[in-house]
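S.K.: The structure's right below; bear with me while I get my questions together.
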Amino acid sequence: MARLVITGGKRLSGKVSIGGRKNSAVAVMPATLLCQEPCTLENIPDIEDVQVYRSILKAMGVPISHTSEGRYTIDGGAYVPDGPPPHDLVKKMRASYYLLGALLGRYGRAEVALPGGCDIGQRPIDQHLKGFRALGAECEVEGGTVRALAPSGLRGANIYLDVVSVGATINIMLAAALAQGTTVIENAAKEPHIVDLANFINAAGGRVTGAGTDVIRVVGAEALYGCNHAIIFDEIQAATYMIAAVATRGDVVVENVIPKHLDPISAKLQETGAQVLENGDSIRVIMDGRAKAANIKTLPYPGFPTDAQQPMSALLSVAEGTSYVSETIWEGRFKHFEELRRMGTDVRIEGRTAIIEGVEELTGASVRATDLRAGAALIVAGLLAHGDTEITGIEHIDRGYEHTTENLQALGAQLRRVE
Ligand code: EPZ
């Protein structure tokens with residue numbers, strides 16, 4: 001199994017260009033199945049989850065091609081429904097369940113295995129099913145498979161989400177895009193990748209308004225057609241490099257970002273004492289001296305993103321003072337602390353709050369990534385620790401971070417990937 005070996009203590013400095021957003025790519029790729037003509041997608045990141053999606057669509061018989069620069073052509077118009085997508089691939093990630101909304105929206109029926117994804121909590125899909133049922137579909141979950149059927153087609157509906165859910169908001173948008181009439185999603189998620197998907201659907205001839213607010217209106221279209229769409233940058237990759245810059249007391253510019261989307265990260269890093277300078281589509285993060293403690297409460301956008309909680313916890317492990325980290329989204333998203341403790345993190349967990357007593361320094365150790373963002377936390381810890389850190393389980397990291405080793409080496413980190 002591959003592993004990363006990091007020799008800590010090197011200041012990161014220089015520039016890193018941020019690629020397309022994982023959580024947008026894995027929504028827009030299945031969305032092309034709503035379209036009757038080929039779509040071209042730009043800025044699709046070279047990560048494991050995208051490779052899995054590529055394999056799923058190929059296995060379904062959907063014509064798909066891509067270039068090394070992340071330009072994809074996917075011809076949903078040429079797809080002829082012929083049985084469920086391969087269960088073994090569907091289980092490799094969470095976002096495969098967007099195939100439900102896309103196939104139900106286009107063909108009035110869908111059969112997809114329950115998804116996989118990071119082990120960070122229960123991850124129910126009740127709000128997705130609530131939305132599909134409101135649109136007129138009969139849904140059942142049996143034998144590890146979700147079946148949805150709308151024999152007389154889907155009709156627009158008003159849906160109030162009981163909990164702000166990115167996945168349910170996206171899946172309902174996909175199913176509603178071609179429904180008869182108008183759908184209103186209330187208490188919708190407002191993440192930038194929800195807006196990105198709405199922009200894609202509208203570019204293909206759809207009529208989605210309100211994305212980015214908590215009320216999204218989808219007027220069902222007769223049909224959706226081919227379009228060109230470049231997906232937005234990966235906010236969490238950018239956040240991870242910004243946190244690593246502060247953790248190593250460095251000076252790093254993250255490029256190809258929309259600074260506004262990173263406001264929660266920038267504000268929190270400034271609280272720790274970092275300088276954060278926005279300049280058009282880049283942000284420069286400079287840190288001299290030891291970080292100060294800060295409190296984190298993860299919330300849906302525009303709150304502090306839960307996906308950045310884990311790498312931020314690594315930084316707070318060596319901050320001066322006590323930090324309180326409250327994880328309100330996922331009840332199982334503290335597993336990285338078991339590994340950080342091996343490196344010297346002093347933390348006690350009380351329910352959904354981790355109380356971190358900052359220590360002077362962490363010491364390199366052999367640690368294991370248990371999920372994607374836990375892996376990011378261990379990389380940040382390895383970069384700031386004294387001595388060598390060996391990280392196994394990096395297949396989790398490969399799911400959502402592209403060119404990690406090359407990017408960090410270019411910023412001055414001393415690390416190598418050992419296959
Ligand atoms: C998406 O997961 C992301 N994954 C997650 O990122 C991210 O942590 C999460 O949104 C929150 O931002 C993808 O986009 C592929 P939710 P998702 O539905 O859609 C509850 C990463 O690291 N809920 O917004 O599964 C749920 O339990 C991954 O890139 C229900 O109760 O998250 C949670 O407490 C990890 N019923 C809360 O809502 C439902 O039907 C938010 O979940 C759905 C969700």
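By convention in this document, the chains of the structure tokens carry letters A, B, ... by their order, each chain's residues are numbered from 1, and ligands are numbered from 1 in the order they are shown.
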Going by DSSP on the backbone, which bits of region 267-327 of chain A are alpha helix (DSSP H)? Write them as a list in words, please.
M.R.: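 Alpha helix (DSSP H) assignments inside region 267-327 of chain A correspond to Ala267, Lys268, Leu269, Gln270, Glu271, Gln309, Gln310, Pro311, Met312, Ser313, Ala314, Leu315 and Leu316 of chain A.
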S.K.: What's the 12 Å shell around Arg341 (chain A), counting only C-alpha atoms, without same-chain residues fewer than 4 positions away, as number ranges by chain?
M.R.: A: 313-314, 317-318, 334-337, 345-349, 356-359, 361-368, 378, 381
S.K.: Next, write the just-selected residues to a file, as an mmCIF file, in the first residue's frame, keeping N, CA, C and O atoms as the atom set.
M.R.:
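Now in part-v4.cif:
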data_model
loop_
_atom_site.group_PDB
_atom_site.id
_atom_site.type_symbol
_atom_site.label_atom_id
_atom_site.label_comp_id
_atom_site.auth_asym_id
_atom_site.auth_seq_id
_atom_site.Cartn_x
_atom_site.Cartn_y
_atom_site.Cartn_z
ATOM 1 N N SER A 313 -7.807 21.238 12.874
ATOM 2 C CA SER A 313 -7.527 20.677 14.205
ATOM 3 C C SER A 313 -6.039 20.383 14.367
ATOM 4 O O SER A 313 -5.486 20.484 15.458
ATOM 5 N N ALA A 314 -5.385 20.028 13.253
ATOM 6 C CA ALA A 314 -3.940 19.740 13.335
ATOM 7 C C ALA A 314 -3.192 21.036 13.682
ATOM 8 O O ALA A 314 -2.312 21.054 14.553
ATOM 9 N N SER A 317 -3.558 22.089 17.217
ATOM 10 C CA SER A 317 -2.826 21.226 18.176
ATOM 11 C C SER A 317 -1.573 21.908 18.700
ATOM 12 O O SER A 317 -1.112 21.612 19.808
ATOM 13 N N VAL A 318 -0.996 22.839 17.906
ATOM 14 C CA VAL A 318 0.241 23.511 18.346
ATOM 15 C C VAL A 318 0.010 25.008 18.565
ATOM 16 O O VAL A 318 0.954 25.783 18.701
ATOM 17 N N PHE A 334 -14.238 12.843 14.334
ATOM 18 C CA PHE A 334 -13.111 13.144 15.226
ATOM 19 C C PHE A 334 -12.082 12.022 15.217
ATOM 20 O O PHE A 334 -11.178 12.011 16.061
ATOM 21 N N LYS A 335 -12.203 11.065 14.266
ATOM 22 C CA LYS A 335 -11.306 9.902 14.291
ATOM 23 C C LYS A 335 -9.842 10.329 14.117
ATOM 24 O O LYS A 335 -8.931 9.659 14.595
ATOM 25 N N HIS A 336 -9.608 11.435 13.440
ATOM 26 C CA HIS A 336 -8.219 11.862 13.204
ATOM 27 C C HIS A 336 -7.496 12.166 14.517
ATOM 28 O O HIS A 336 -6.261 12.113 14.581
ATOM 29 N N PHE A 337 -8.267 12.453 15.593
ATOM 30 C CA PHE A 337 -7.591 12.801 16.857
ATOM 31 C C PHE A 337 -6.837 11.606 17.434
ATOM 32 O O PHE A 337 -5.817 11.762 18.105
ATOM 33 N N THR A 345 -0.729 15.494 20.157
ATOM 34 C CA THR A 345 -1.876 16.387 20.354
ATOM 35 C C THR A 345 -2.518 16.090 21.706
ATOM 36 O O THR A 345 -2.701 14.933 22.074
ATOM 37 N N ASP A 346 -2.824 17.188 22.431
ATOM 38 C CA ASP A 346 -3.460 17.039 23.752
ATOM 39 C C ASP A 346 -4.927 17.454 23.602
ATOM 40 O O ASP A 346 -5.233 18.650 23.511
ATOM 41 N N VAL A 347 -5.814 16.474 23.464
ATOM 42 C CA VAL A 347 -7.221 16.796 23.187
ATOM 43 C C VAL A 347 -8.111 15.899 24.044
ATOM 44 O O VAL A 347 -7.781 14.758 24.328
ATOM 45 N N ARG A 348 -9.243 16.483 24.505
ATOM 46 C CA ARG A 348 -10.259 15.609 25.118
ATOM 47 C C ARG A 348 -11.564 15.875 24.393
ATOM 48 O O ARG A 348 -11.829 17.022 23.973
ATOM 49 N N ILE A 349 -12.323 14.795 24.195
ATOM 50 C CA ILE A 349 -13.548 14.926 23.401
ATOM 51 C C ILE A 349 -14.745 14.801 24.316
ATOM 52 O O ILE A 349 -14.852 13.832 25.086
ATOM 53 N N ILE A 356 -8.937 21.217 22.605
ATOM 54 C CA ILE A 356 -7.516 21.033 22.293
ATOM 55 C C ILE A 356 -6.672 21.981 23.137
ATOM 56 O O ILE A 356 -6.872 23.199 23.099
ATOM 57 N N GLU A 357 -5.748 21.404 23.949
ATOM 58 C CA GLU A 357 -4.781 22.231 24.692
ATOM 59 C C GLU A 357 -3.537 22.320 23.814
ATOM 60 O O GLU A 357 -2.888 21.302 23.579
ATOM 61 N N GLY A 358 -3.254 23.496 23.270
ATOM 62 C CA GLY A 358 -2.112 23.633 22.348
ATOM 63 C C GLY A 358 -0.805 23.231 23.017
ATOM 64 O O GLY A 358 -0.568 23.559 24.180
ATOM 65 N N VAL A 359 0.021 22.461 22.299
ATOM 66 C CA VAL A 359 1.353 22.083 22.795
ATOM 67 C C VAL A 359 2.418 22.802 21.957
ATOM 68 O O VAL A 359 2.112 23.345 20.895
ATOM 69 N N GLU A 361 5.067 21.613 20.336
ATOM 70 C CA GLU A 361 5.304 20.995 19.022
ATOM 71 C C GLU A 361 4.780 19.566 18.996
ATOM 72 O O GLU A 361 4.564 18.945 20.037
ATOM 73 N N LEU A 362 4.545 19.050 17.817
ATOM 74 C CA LEU A 362 4.182 17.639 17.628
ATOM 75 C C LEU A 362 5.442 16.902 17.196
ATOM 76 O O LEU A 362 6.395 17.508 16.687
ATOM 77 N N THR A 363 5.441 15.594 17.408
ATOM 78 C CA THR A 363 6.579 14.763 17.022
ATOM 79 C C THR A 363 6.136 13.766 15.967
ATOM 80 O O THR A 363 5.053 13.174 16.083
ATOM 81 N N GLY A 364 6.954 13.619 14.939
ATOM 82 C CA GLY A 364 6.622 12.697 13.840
ATOM 83 C C GLY A 364 6.350 11.299 14.360
ATOM 84 O O GLY A 364 6.916 10.866 15.361
ATOM 85 N N ALA A 365 5.417 10.598 13.689
ATOM 86 C CA ALA A 365 5.092 9.205 14.083
ATOM 87 C C ALA A 365 4.519 8.481 12.879
ATOM 88 O O ALA A 365 4.302 9.076 11.822
ATOM 89 N N SER A 366 4.253 7.194 13.056
ATOM 90 C CA SER A 366 3.606 6.402 12.020
ATOM 91 C C SER A 366 2.098 6.482 12.255
ATOM 92 O O SER A 366 1.617 6.074 13.307
ATOM 93 N N VAL A 367 1.360 7.023 11.308
ATOM 94 C CA VAL A 367 -0.081 7.254 11.517
ATOM 95 C C VAL A 367 -0.853 6.774 10.305
ATOM 96 O O VAL A 367 -0.291 6.530 9.235
ATOM 97 N N ARG A 368 -2.201 6.678 10.486
ATOM 98 C CA ARG A 368 -3.032 6.120 9.421
ATOM 99 C C ARG A 368 -4.203 7.037 9.114
ATOM 100 O O ARG A 368 -4.907 7.482 10.028
ATOM 101 N N LEU A 378 -3.491 14.816 8.849
ATOM 102 C CA LEU A 378 -2.213 14.164 9.147
ATOM 103 C C LEU A 378 -1.089 14.754 8.300
ATOM 104 O O LEU A 378 0.066 14.861 8.753
ATOM 105 N N ALA A 381 -0.202 17.938 10.042
ATOM 106 C CA ALA A 381 0.547 17.600 11.266
ATOM 107 C C ALA A 381 1.971 17.162 10.924
ATOM 108 O O ALA A 381 2.949 17.582 11.572
#
S.K.: Restricting the calculation to only C-alpha atoms: of A:Asp371, A:Asp307, A:Asp251, A:Glu186, which residue gets closest to Gly116 (chain A)?
M.R.: A:Asp371
S.K.: Which polymer residues have any atom within 6 Å of an atom of region 319-324 of chain A, counting only C-alpha atoms, with same-chain residues fewer than 3 positions away left out, as a list in words?
M.R.: Ala291, Lys292, Ala293, Ala294, Asn295, Leu316, Ala354, Ile355, Ile356, Glu357 and Gly358 of chain A
S.K.: Taking only C-alpha atoms and all ligand atoms into account, which residues are within 7 Å of ligand 1, as an MDAnalysis selection string?
M.R.: chainID A and resid 22:23 26 94:95 118 121:128 163:168 300 305:307 329:330 372:373 400
S.K.: Expressed in Å to a single decimal, how great is the separation between CA of Leu383 (chain A) and CA of Val253 (chain A)?
M.R.: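 According to the coordinates, CA of Leu383 (chain A) and CA of Val253 (chain A) are separated by 17.2 Å.
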S.K.: Go through A:Gly136, A:Gly250, A:Gly344, A:Gly14 one by one, measure the shortest atom-to-atom distance of each to Ala175 (chain A) using only C-alpha atoms, and give the residue with the smallest value.
M.R.: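 Checking each of A:Gly136, A:Gly250, A:Gly344, A:Gly14 against Ala175 (chain A), counting only C-alpha atoms, the winner is A:Gly136.
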S.K.: Nearest to Asp288 (chain A) among A:Cys35, A:Gln414, A:Leu12, A:Leu149, with distances taken over only C-alpha atoms: which residue is it?
M.R.: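 The closest residue to Asp288 (chain A) is A:Leu12.
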S.K.: If you count only C-alpha atoms, which residues fall within 9 Å of Thr7 (chain A), apart from same-chain ones fewer than 6 positions away, as a list in words?
M.R.: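 Neighbouring residues, sequence-local ones excluded: Gly364, Gly382, Leu383, Leu384, Ala385, His386, Gly387, Asp388, Thr389, Glu390, Ala413, Gln414 and Leu415 of chain A.
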S.K.: Could those residues be written to a file, using all heavy atoms, as an mmCIF file, in the first residue's frame?
M.R.:
data_model
loop_
_atom_site.group_PDB
_atom_site.id
_atom_site.type_symbol
_atom_site.label_atom_id
_atom_site.label_comp_id
_atom_site.auth_asym_id
_atom_site.auth_seq_id
_atom_site.Cartn_x
_atom_site.Cartn_y
_atom_site.Cartn_z
ATOM 1 N N GLY A 364 6.954 13.619 14.939
ATOM 2 C CA GLY A 364 6.622 12.697 13.840
ATOM 3 C C GLY A 364 6.350 11.299 14.360
ATOM 4 O O GLY A 364 6.916 10.866 15.361
ATOM 5 N N GLY A 382 2.111 16.356 9.868
ATOM 6 C CA GLY A 382 3.451 15.898 9.471
ATOM 7 C C GLY A 382 4.330 17.058 9.022
ATOM 8 O O GLY A 382 5.542 17.079 9.301
ATOM 9 N N LEU A 383 3.725 18.046 8.364
ATOM 10 C CA LEU A 383 4.498 19.195 7.872
ATOM 11 C C LEU A 383 5.020 20.046 9.019
ATOM 12 O O LEU A 383 6.098 20.633 8.934
ATOM 13 C CB LEU A 383 3.618 20.066 6.950
ATOM 14 C CG LEU A 383 3.238 19.470 5.601
ATOM 15 C CD1 LEU A 383 2.183 20.333 4.918
ATOM 16 C CD2 LEU A 383 4.480 19.313 4.701
ATOM 17 N N LEU A 384 4.258 20.112 10.131
ATOM 18 C CA LEU A 384 4.677 20.992 11.233
ATOM 19 C C LEU A 384 5.444 20.251 12.328
ATOM 20 O O LEU A 384 6.070 20.866 13.172
ATOM 21 C CB LEU A 384 3.471 21.735 11.823
ATOM 22 C CG LEU A 384 2.364 20.929 12.507
ATOM 23 C CD1 LEU A 384 2.719 20.544 13.945
ATOM 24 C CD2 LEU A 384 1.052 21.721 12.523
ATOM 25 N N ALA A 385 5.389 18.904 12.256
ATOM 26 C CA ALA A 385 5.963 18.121 13.374
ATOM 27 C C ALA A 385 7.487 18.133 13.319
ATOM 28 O O ALA A 385 8.091 18.380 12.275
ATOM 29 C CB ALA A 385 5.455 16.686 13.309
ATOM 30 N N HIS A 386 8.070 17.786 14.462
ATOM 31 C CA HIS A 386 9.522 17.614 14.542
ATOM 32 C C HIS A 386 9.830 16.161 14.163
ATOM 33 O O HIS A 386 9.240 15.237 14.719
ATOM 34 C CB HIS A 386 9.987 17.885 15.989
ATOM 35 C CG HIS A 386 11.441 17.653 16.191
ATOM 36 N ND1 HIS A 386 12.405 18.545 15.743
ATOM 37 C CD2 HIS A 386 12.110 16.603 16.731
ATOM 38 C CE1 HIS A 386 13.599 18.059 16.043
ATOM 39 N NE2 HIS A 386 13.456 16.886 16.646
ATOM 40 N N GLY A 387 10.679 15.947 13.139
ATOM 41 C CA GLY A 387 11.010 14.572 12.743
ATOM 42 C C GLY A 387 10.139 14.066 11.604
ATOM 43 O O GLY A 387 9.412 14.816 10.962
ATOM 44 N N ASP A 388 10.213 12.731 11.395
ATOM 45 C CA ASP A 388 9.548 12.107 10.240
ATOM 46 C C ASP A 388 8.185 11.549 10.618
ATOM 47 O O ASP A 388 8.018 10.952 11.683
ATOM 48 C CB ASP A 388 10.420 10.952 9.716
ATOM 49 C CG ASP A 388 11.632 11.500 8.956
ATOM 50 O OD1 ASP A 388 11.738 12.743 8.854
ATOM 51 O OD2 ASP A 388 12.460 10.704 8.502
ATOM 52 N N THR A 389 7.209 11.730 9.711
ATOM 53 C CA THR A 389 5.870 11.149 9.865
ATOM 54 C C THR A 389 5.589 10.268 8.657
ATOM 55 O O THR A 389 5.831 10.686 7.521
ATOM 56 C CB THR A 389 4.810 12.264 9.953
ATOM 57 O OG1 THR A 389 5.066 13.052 11.120
ATOM 58 C CG2 THR A 389 3.396 11.681 10.044
ATOM 59 N N GLU A 390 5.118 9.054 8.935
ATOM 60 C CA GLU A 390 4.736 8.152 7.847
ATOM 61 C C GLU A 390 3.222 7.989 7.895
ATOM 62 O O GLU A 390 2.650 7.622 8.931
ATOM 63 C CB GLU A 390 5.412 6.792 8.031
ATOM 64 C CG GLU A 390 5.063 5.813 6.922
ATOM 65 C CD GLU A 390 5.659 4.430 7.181
ATOM 66 O OE1 GLU A 390 5.040 3.651 7.929
ATOM 67 O OE2 GLU A 390 6.752 4.170 6.646
ATOM 68 N N ALA A 413 8.114 21.601 0.903
ATOM 69 C CA ALA A 413 7.970 20.520 1.892
ATOM 70 C C ALA A 413 8.950 19.399 1.555
ATOM 71 O O ALA A 413 9.268 19.181 0.378
ATOM 72 C CB ALA A 413 6.545 19.978 1.868
ATOM 73 N N GLN A 414 9.416 18.705 2.596
ATOM 74 C CA GLN A 414 10.268 17.541 2.363
ATOM 75 C C GLN A 414 9.393 16.319 2.573
ATOM 76 O O GLN A 414 9.114 15.929 3.701
ATOM 77 C CB GLN A 414 11.445 17.535 3.348
ATOM 78 C CG GLN A 414 12.473 16.446 3.005
ATOM 79 C CD GLN A 414 13.674 16.510 3.932
ATOM 80 O OE1 GLN A 414 13.988 17.554 4.524
ATOM 81 N NE2 GLN A 414 14.371 15.400 4.072
ATOM 82 N N LEU A 415 8.874 15.775 1.462
ATOM 83 C CA LEU A 415 8.016 14.582 1.575
ATOM 84 C C LEU A 415 8.191 13.742 0.326
ATOM 85 O O LEU A 415 8.606 14.234 -0.718
ATOM 86 C CB LEU A 415 6.555 14.969 1.761
ATOM 87 C CG LEU A 415 5.681 15.250 0.521
ATOM 88 C CD1 LEU A 415 4.209 15.186 0.912
ATOM 89 C CD2 LEU A 415 6.004 16.576 -0.109
#
